[in-house]
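The file input.cif contains mmCIF, C-alpha atoms:
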data_structure
#
loop_
_atom_site.group_PDB
_atom_site.id
_atom_site.type_symbol
_atom_site.label_atom_id
_atom_site.label_comp_id
_atom_site.auth_asym_id
_atom_site.auth_seq_id
_atom_site.Cartn_x
_atom_site.Cartn_y
_atom_site.Cartn_z
ATOM 1 C CA MET A 1 -27.441 15.353 127.015
ATOM 2 C CA SER A 2 -23.734 14.721 127.615
ATOM 3 C CA SER A 3 -21.279 16.754 125.532
ATOM 4 C CA CYS A 4 -19.784 13.411 124.434
ATOM 5 C CA ALA A 5 -23.088 12.279 122.895
ATOM 6 C CA PRO A 6 -22.507 13.763 119.388
ATOM 7 C CA MET A 7 -19.162 11.964 119.122
ATOM 8 C CA ILE A 8 -20.729 8.698 120.293
ATOM 9 C CA ASN A 9 -23.511 9.077 117.740
ATOM 10 C CA PHE A 10 -20.928 9.640 115.006
ATOM 11 C CA LEU A 11 -19.034 6.463 115.915
ATOM 12 C CA ASN A 12 -22.299 4.536 116.038
ATOM 13 C CA ARG A 13 -23.097 5.653 112.490
ATOM 14 C CA LEU A 14 -19.785 4.221 111.347
ATOM 15 C CA SER A 15 -21.038 0.801 112.430
ATOM 16 C CA ILE A 16 -22.930 0.593 109.125
ATOM 17 C CA CYS A 17 -19.560 -0.325 107.587
ATOM 18 C CA SER A 18 -19.165 -4.096 107.274
ATOM 19 C CA CYS A 19 -15.400 -3.815 107.828
ATOM 20 C CA LYS A 20 -14.530 -3.746 111.531
ATOM 21 C CA MET A 21 -12.538 -0.750 112.723
ATOM 22 C CA THR A 22 -10.220 -0.854 115.712
ATOM 23 C CA ASP A 23 -10.162 1.942 118.281
ATOM 24 C CA GLN A 24 -6.898 3.130 116.747
ATOM 25 C CA ASP A 25 -8.491 3.210 113.252
ATOM 26 C CA GLN A 26 -11.375 5.281 114.593
ATOM 27 C CA GLN A 27 -9.037 7.747 116.277
ATOM 28 C CA LEU A 28 -6.974 8.144 113.104
ATOM 29 C CA LEU A 29 -10.180 8.822 111.201
ATOM 30 C CA LEU A 30 -11.260 11.453 113.701
ATOM 31 C CA ASP A 31 -7.837 13.120 113.723
ATOM 32 C CA SER A 32 -7.769 13.309 109.914
ATOM 33 C CA ALA A 33 -11.187 14.936 109.583
ATOM 34 C CA ASP A 34 -11.038 18.499 108.308
ATOM 35 C CA VAL A 35 -14.667 19.364 109.139
ATOM 36 C CA ASP A 36 -16.791 19.334 112.271
ATOM 37 C CA ILE A 37 -17.828 15.686 112.266
ATOM 38 C CA THR A 38 -20.445 16.241 114.960
ATOM 39 C CA ASN A 39 -22.445 18.179 112.346
ATOM 40 C CA GLY A 40 -21.800 15.951 109.325
ATOM 41 C CA GLU A 41 -22.917 12.588 107.995
ATOM 42 C CA PRO A 42 -20.168 10.227 106.725
ATOM 43 C CA VAL A 43 -19.982 9.807 102.950
ATOM 44 C CA ILE A 44 -18.708 6.296 102.256
ATOM 45 C CA LEU A 45 -17.531 4.870 98.934
ATOM 46 C CA ASN A 46 -18.183 1.120 98.681
ATOM 47 C CA ILE A 47 -16.010 -0.651 96.111
ATOM 48 C CA TYR A 48 -16.761 -4.018 94.498
ATOM 49 C CA ASP A 49 -14.762 -6.337 92.261
ATOM 50 C CA MET A 50 -16.749 -6.976 89.093
ATOM 51 C CA TYR A 51 -14.817 -9.931 87.696
ATOM 52 C CA TRP A 52 -12.532 -12.651 89.036
ATOM 53 C CA MET A 53 -9.685 -11.320 86.847
ATOM 54 C CA ASN A 54 -9.297 -8.371 89.219
ATOM 55 C CA ASN A 55 -7.516 -10.700 91.633
ATOM 56 C CA TYR A 56 -4.648 -10.688 89.143
ATOM 57 C CA THR A 57 -4.839 -7.308 87.415
ATOM 58 C CA SER A 58 -5.336 -5.169 90.535
ATOM 59 C CA THR A 59 -1.646 -5.543 91.415
ATOM 60 C CA PHE A 60 -0.896 -3.588 88.219
ATOM 61 C CA GLY A 61 -3.364 -0.842 89.132
ATOM 62 C CA LEU A 62 -5.966 -2.031 86.613
ATOM 63 C CA GLY A 63 -9.301 -3.704 87.045
ATOM 64 C CA ILE A 64 -13.046 -3.454 86.593
ATOM 65 C CA TYR A 65 -14.751 -2.072 89.668
ATOM 66 C CA HIS A 66 -18.261 -1.080 90.639
ATOM 67 C CA THR A 67 -18.817 1.620 93.245
ATOM 68 C CA GLY A 68 -21.731 2.939 95.236
ATOM 69 C CA VAL A 69 -22.073 5.850 97.655
ATOM 70 C CA GLU A 70 -23.350 5.107 101.137
ATOM 71 C CA VAL A 71 -24.912 7.907 103.158
ATOM 72 C CA PHE A 72 -27.597 7.820 105.866
ATOM 73 C CA GLY A 73 -27.433 4.017 105.798
ATOM 74 C CA ARG A 74 -28.461 3.887 102.121
ATOM 75 C CA GLU A 75 -26.293 3.042 99.111
ATOM 76 C CA PHE A 76 -26.786 4.620 95.685
ATOM 77 C CA ALA A 77 -25.256 3.497 92.402
ATOM 78 C CA PHE A 78 -25.711 3.722 88.638
ATOM 79 C CA GLY A 79 -26.295 0.936 86.141
ATOM 80 C CA GLY A 80 -27.375 0.545 82.543
ATOM 81 C CA HIS A 81 -30.650 -0.546 80.983
ATOM 82 C CA PRO A 82 -32.101 0.066 77.500
ATOM 83 C CA PHE A 83 -34.661 2.673 78.596
ATOM 84 C CA SER A 84 -34.585 6.477 78.718
ATOM 85 C CA MET A 85 -35.204 6.736 82.442
ATOM 86 C CA SER A 86 -33.003 7.004 85.515
ATOM 87 C CA GLY A 87 -30.350 4.330 85.883
ATOM 88 C CA VAL A 88 -29.677 5.302 89.503
ATOM 89 C CA PHE A 89 -30.734 2.660 92.012
ATOM 90 C CA GLU A 90 -30.525 1.924 95.723
ATOM 91 C CA ILE A 91 -29.353 -1.229 97.498
ATOM 92 C CA ALA A 92 -28.607 -2.280 101.054
ATOM 93 C CA PRO A 93 -25.084 -1.046 101.877
ATOM 94 C CA LYS A 94 -22.312 -3.449 100.809
ATOM 95 C CA ASP A 95 -24.779 -6.114 99.653
ATOM 96 C CA ALA A 96 -22.885 -7.662 96.723
ATOM 97 C CA GLU A 97 -25.510 -10.389 96.297
ATOM 98 C CA GLU A 98 -28.057 -7.729 95.414
ATOM 99 C CA LEU A 99 -25.781 -6.600 92.571
ATOM 100 C CA GLY A 100 -25.336 -10.061 91.073
ATOM 101 C CA GLU A 101 -23.094 -13.099 91.098
ATOM 102 C CA CYS A 102 -20.240 -11.332 89.268
ATOM 103 C CA PHE A 103 -19.799 -8.833 92.114
ATOM 104 C CA LYS A 104 -17.771 -9.182 95.290
ATOM 105 C CA PHE A 105 -17.405 -6.522 97.990
ATOM 106 C CA ARG A 106 -13.776 -5.379 98.131
ATOM 107 C CA GLU A 107 -13.380 -2.437 100.523
ATOM 108 C CA TYR A 108 -14.775 0.905 101.568
ATOM 109 C CA ALA A 109 -13.407 4.409 102.049
ATOM 110 C CA VAL A 110 -14.792 7.286 104.118
ATOM 111 C CA LEU A 111 -14.378 10.197 101.697
ATOM 112 C CA GLY A 112 -15.662 12.956 103.928
ATOM 113 C CA TYR A 113 -18.751 14.302 105.655
ATOM 114 C CA THR A 114 -21.806 16.086 104.366
ATOM 115 C CA GLU A 115 -24.168 18.578 105.921
ATOM 116 C CA PHE A 116 -26.899 17.584 103.471
ATOM 117 C CA THR A 117 -30.042 16.172 105.120
ATOM 118 C CA GLU A 118 -31.435 12.802 104.082
ATOM 119 C CA GLU A 119 -34.231 14.630 102.263
ATOM 120 C CA ASP A 120 -31.622 16.736 100.426
ATOM 121 C CA VAL A 121 -29.854 13.559 99.346
ATOM 122 C CA SER A 122 -33.100 12.027 98.036
ATOM 123 C CA GLN A 123 -33.771 15.129 95.947
ATOM 124 C CA LEU A 124 -30.188 15.138 94.677
ATOM 125 C CA ILE A 125 -30.459 11.490 93.598
ATOM 126 C CA GLU A 126 -33.631 12.278 91.669
ATOM 127 C CA THR A 127 -31.913 15.209 89.944
ATOM 128 C CA LEU A 128 -28.824 13.192 89.000
ATOM 129 C CA GLY A 129 -31.112 10.523 87.570
ATOM 130 C CA ASN A 130 -32.034 12.971 84.799
ATOM 131 C CA ASP A 131 -28.404 12.960 83.643
ATOM 132 C CA PHE A 132 -27.559 9.352 84.449
ATOM 133 C CA LYS A 133 -30.256 7.552 82.458
ATOM 134 C CA GLY A 134 -30.056 3.826 81.912
ATOM 135 C CA ASP A 135 -29.605 4.015 78.146
ATOM 136 C CA SER A 136 -26.765 6.531 78.520
ATOM 137 C CA TYR A 137 -24.585 4.039 80.406
ATOM 138 C CA HIS A 138 -21.236 3.238 78.797
ATOM 139 C CA LEU A 139 -18.635 1.020 80.428
ATOM 140 C CA MET A 140 -15.820 3.439 79.587
ATOM 141 C CA HIS A 141 -17.391 6.885 79.171
ATOM 142 C CA LYS A 142 -20.310 6.998 81.618
ATOM 143 C CA ASN A 143 -20.228 4.219 84.165
ATOM 144 C CA CYS A 144 -21.045 3.728 87.835
ATOM 145 C CA ASN A 145 -17.784 5.383 88.878
ATOM 146 C CA HIS A 146 -18.573 8.549 86.926
ATOM 147 C CA PHE A 147 -21.847 8.690 88.867
ATOM 148 C CA THR A 148 -20.234 8.206 92.272
ATOM 149 C CA MET A 149 -17.663 10.861 91.388
ATOM 150 C CA SER A 150 -20.442 13.345 90.593
ATOM 151 C CA LEU A 151 -22.311 12.486 93.785
ATOM 152 C CA THR A 152 -19.350 12.672 96.175
ATOM 153 C CA ARG A 153 -18.181 15.974 94.699
ATOM 154 C CA ILE A 154 -21.550 17.484 95.526
ATOM 155 C CA LEU A 155 -21.956 15.841 98.939
ATOM 156 C CA CYS A 156 -18.511 16.526 100.381
ATOM 157 C CA GLY A 157 -16.221 17.888 97.657
ATOM 158 C CA ALA A 158 -14.221 14.647 97.514
ATOM 159 C CA GLU A 159 -12.824 12.662 94.577
ATOM 160 C CA ILE A 160 -13.000 8.882 94.347
ATOM 161 C CA PRO A 161 -9.608 7.058 94.236
ATOM 162 C CA ASN A 162 -8.015 7.241 90.778
ATOM 163 C CA TRP A 163 -7.402 3.495 90.553
ATOM 164 C CA VAL A 164 -11.128 2.732 90.744
ATOM 165 C CA ASN A 165 -11.807 4.110 87.242
ATOM 166 C CA ARG A 166 -8.306 3.822 85.775
ATOM 167 C CA LEU A 167 -9.329 1.354 83.057
ATOM 168 C CA ALA A 168 -11.905 3.824 81.697
ATOM 169 C CA THR A 169 -9.322 6.629 81.815
ATOM 170 C CA LEU A 170 -6.799 4.456 79.984
ATOM 171 C CA THR A 171 -9.191 3.595 77.160
ATOM 172 C CA ALA A 172 -9.967 7.287 76.685
ATOM 173 C CA CYS A 173 -6.252 7.771 75.924
ATOM 174 C CA LEU A 174 -5.912 4.522 73.957
ATOM 175 C CA PRO A 175 -9.081 4.089 71.856
ATOM 176 C CA PHE A 176 -7.870 0.826 70.318
ATOM 177 C CA VAL A 177 -8.335 -0.864 73.707
ATOM 178 C CA GLN A 178 -12.062 -0.100 73.576
ATOM 179 C CA ARG A 179 -12.295 -1.383 69.993
ATOM 180 C CA CYS A 180 -10.975 -4.733 71.188
ATOM 181 C CA LEU A 181 -13.919 -5.184 73.570
ATOM 182 C CA PRO A 182 -17.276 -6.681 72.509
ATOM 183 C CA GLN A 183 -19.817 -3.883 72.021
ATOM 184 C CA GLU A 184 -22.352 -5.680 74.226
ATOM 185 C CA TRP A 185 -19.958 -5.187 77.144
ATOM 186 C CA LEU A 186 -19.986 -1.428 76.645
ATOM 187 C CA THR A 187 -23.633 -0.369 76.521
ATOM 188 C CA PRO A 188 -26.994 -1.889 77.540
ATOM 189 C CA VAL A 189 -28.474 -0.985 74.141
ATOM 190 C CA ALA A 190 -25.793 -3.022 72.334
ATOM 191 C CA LEU A 191 -26.375 -5.886 74.768
ATOM 192 C CA ALA A 192 -30.132 -5.820 74.159
ATOM 193 C CA ASN A 193 -29.571 -5.849 70.383
ATOM 194 C CA SER A 194 -27.099 -8.709 70.718
ATOM 195 C CA VAL A 195 -29.581 -10.800 72.697
ATOM 196 C CA GLU A 196 -32.412 -9.973 70.290
ATOM 197 C CA ASN A 197 -30.348 -11.012 67.256
ATOM 198 C CA SER A 198 -28.801 -14.107 68.833
ATOM 199 C CA PRO A 199 -29.358 -17.475 67.063
ATOM 200 C CA ALA A 200 -31.109 -18.850 70.152
ATOM 201 C CA ASN A 201 -33.597 -15.987 70.092
ATOM 202 C CA GLU A 202 -34.177 -16.409 66.355
ATOM 203 C CA ARG A 203 -34.978 -20.113 66.876
ATOM 204 C CA ARG A 204 -37.594 -19.169 69.474
ATOM 205 C CA LEU A 205 -39.176 -16.825 66.934
#
Go ahead and render the structure in this file as structure tokens.
Amino acid sequence: MSSCAPMINFLNRLSICSCKMTDQDQQLLLDSADVDITNGEPVILNIYDMYWMNNYTSTFGLGIYHTGVEVFGREFAFGGHPFSMSGVFEIAPKDAEELGECFKFREYAVLGYTEFTEEDVSQLIETLGNDFKGDSYHLMHKNCNHFTMSLTRILCGAEIPNWVNRLATLTACLPFVQRCLPQEWLTPVALANSVENSPANERRL
């Protein structure tokens, strides 16, 4: 096999990104790598807008964003549900439609490279699912971005961009902001209770 083959294989793996990269972009990426990329798998953070208001608030460094980690052509993320089981799930990379109508793919970032195998990653996801259970989800304290931060730290020692979870960080410093938000926005348990106690649901009963 040609000595250039590992580099070609690496560039081919980058094709899983929906954003097109120019030759210059690829070279800048290669030059900035601080590990042997021929022995590592790219760890990609996919970022989604969650609400239309982000078009306006993002210029101020605030917004509501969902993130997932893409590795080995698979994307992993965390979401809430009212059950005490893993809230970690897998989708096709950058498929906003699979997330729901309120989501729109925004951008991606290559955070680093991992020497974990795909089997290692599968086992890691299962382990993290014990900590990131669906009923433990909280929009401000334990959201999808907290999960991706945990995962990328383990995979490649990288942090996600600060602006992605800035709103959650801000509310931790300013609790009154959280008190202004409807509780059903914050946790899946509160949402389930809200739906159960809604007038429409009572009429059906």
Residues matched by the PyMOL selection byres ((chain A and resi 76) around 9), written as a ChimeraX atom specification: /A:67-71,74-75,77-78,88-93,125,148
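Computed from the coordinates, the CA of Glu97 in chain A to CA of Glu41 in chain A distance equals 25.9 Å.
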Expected answer as a PyMOL selection string: all residues with atoms within 12 Å of (-17.3, 15.0, 97.8), all atoms listed in the file: chain A and resi 41-45+69+71+110-116+147-161
Residues selected by the PyMOL selection byres ((chain A and resi 142) around 12), written as a PyMOL selection string: chain A and resi 78-80+87+131-141+143-150+165+168-169+172+186-188
One-decimal distance in Å that lies between CA of Asp49 in chain A and CA of Pro82 in chain A: 23.7 Å
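The spacing separating CA of Asp120 in chain A from CA of Tyr108 in chain A amounts to 23.1 Å.
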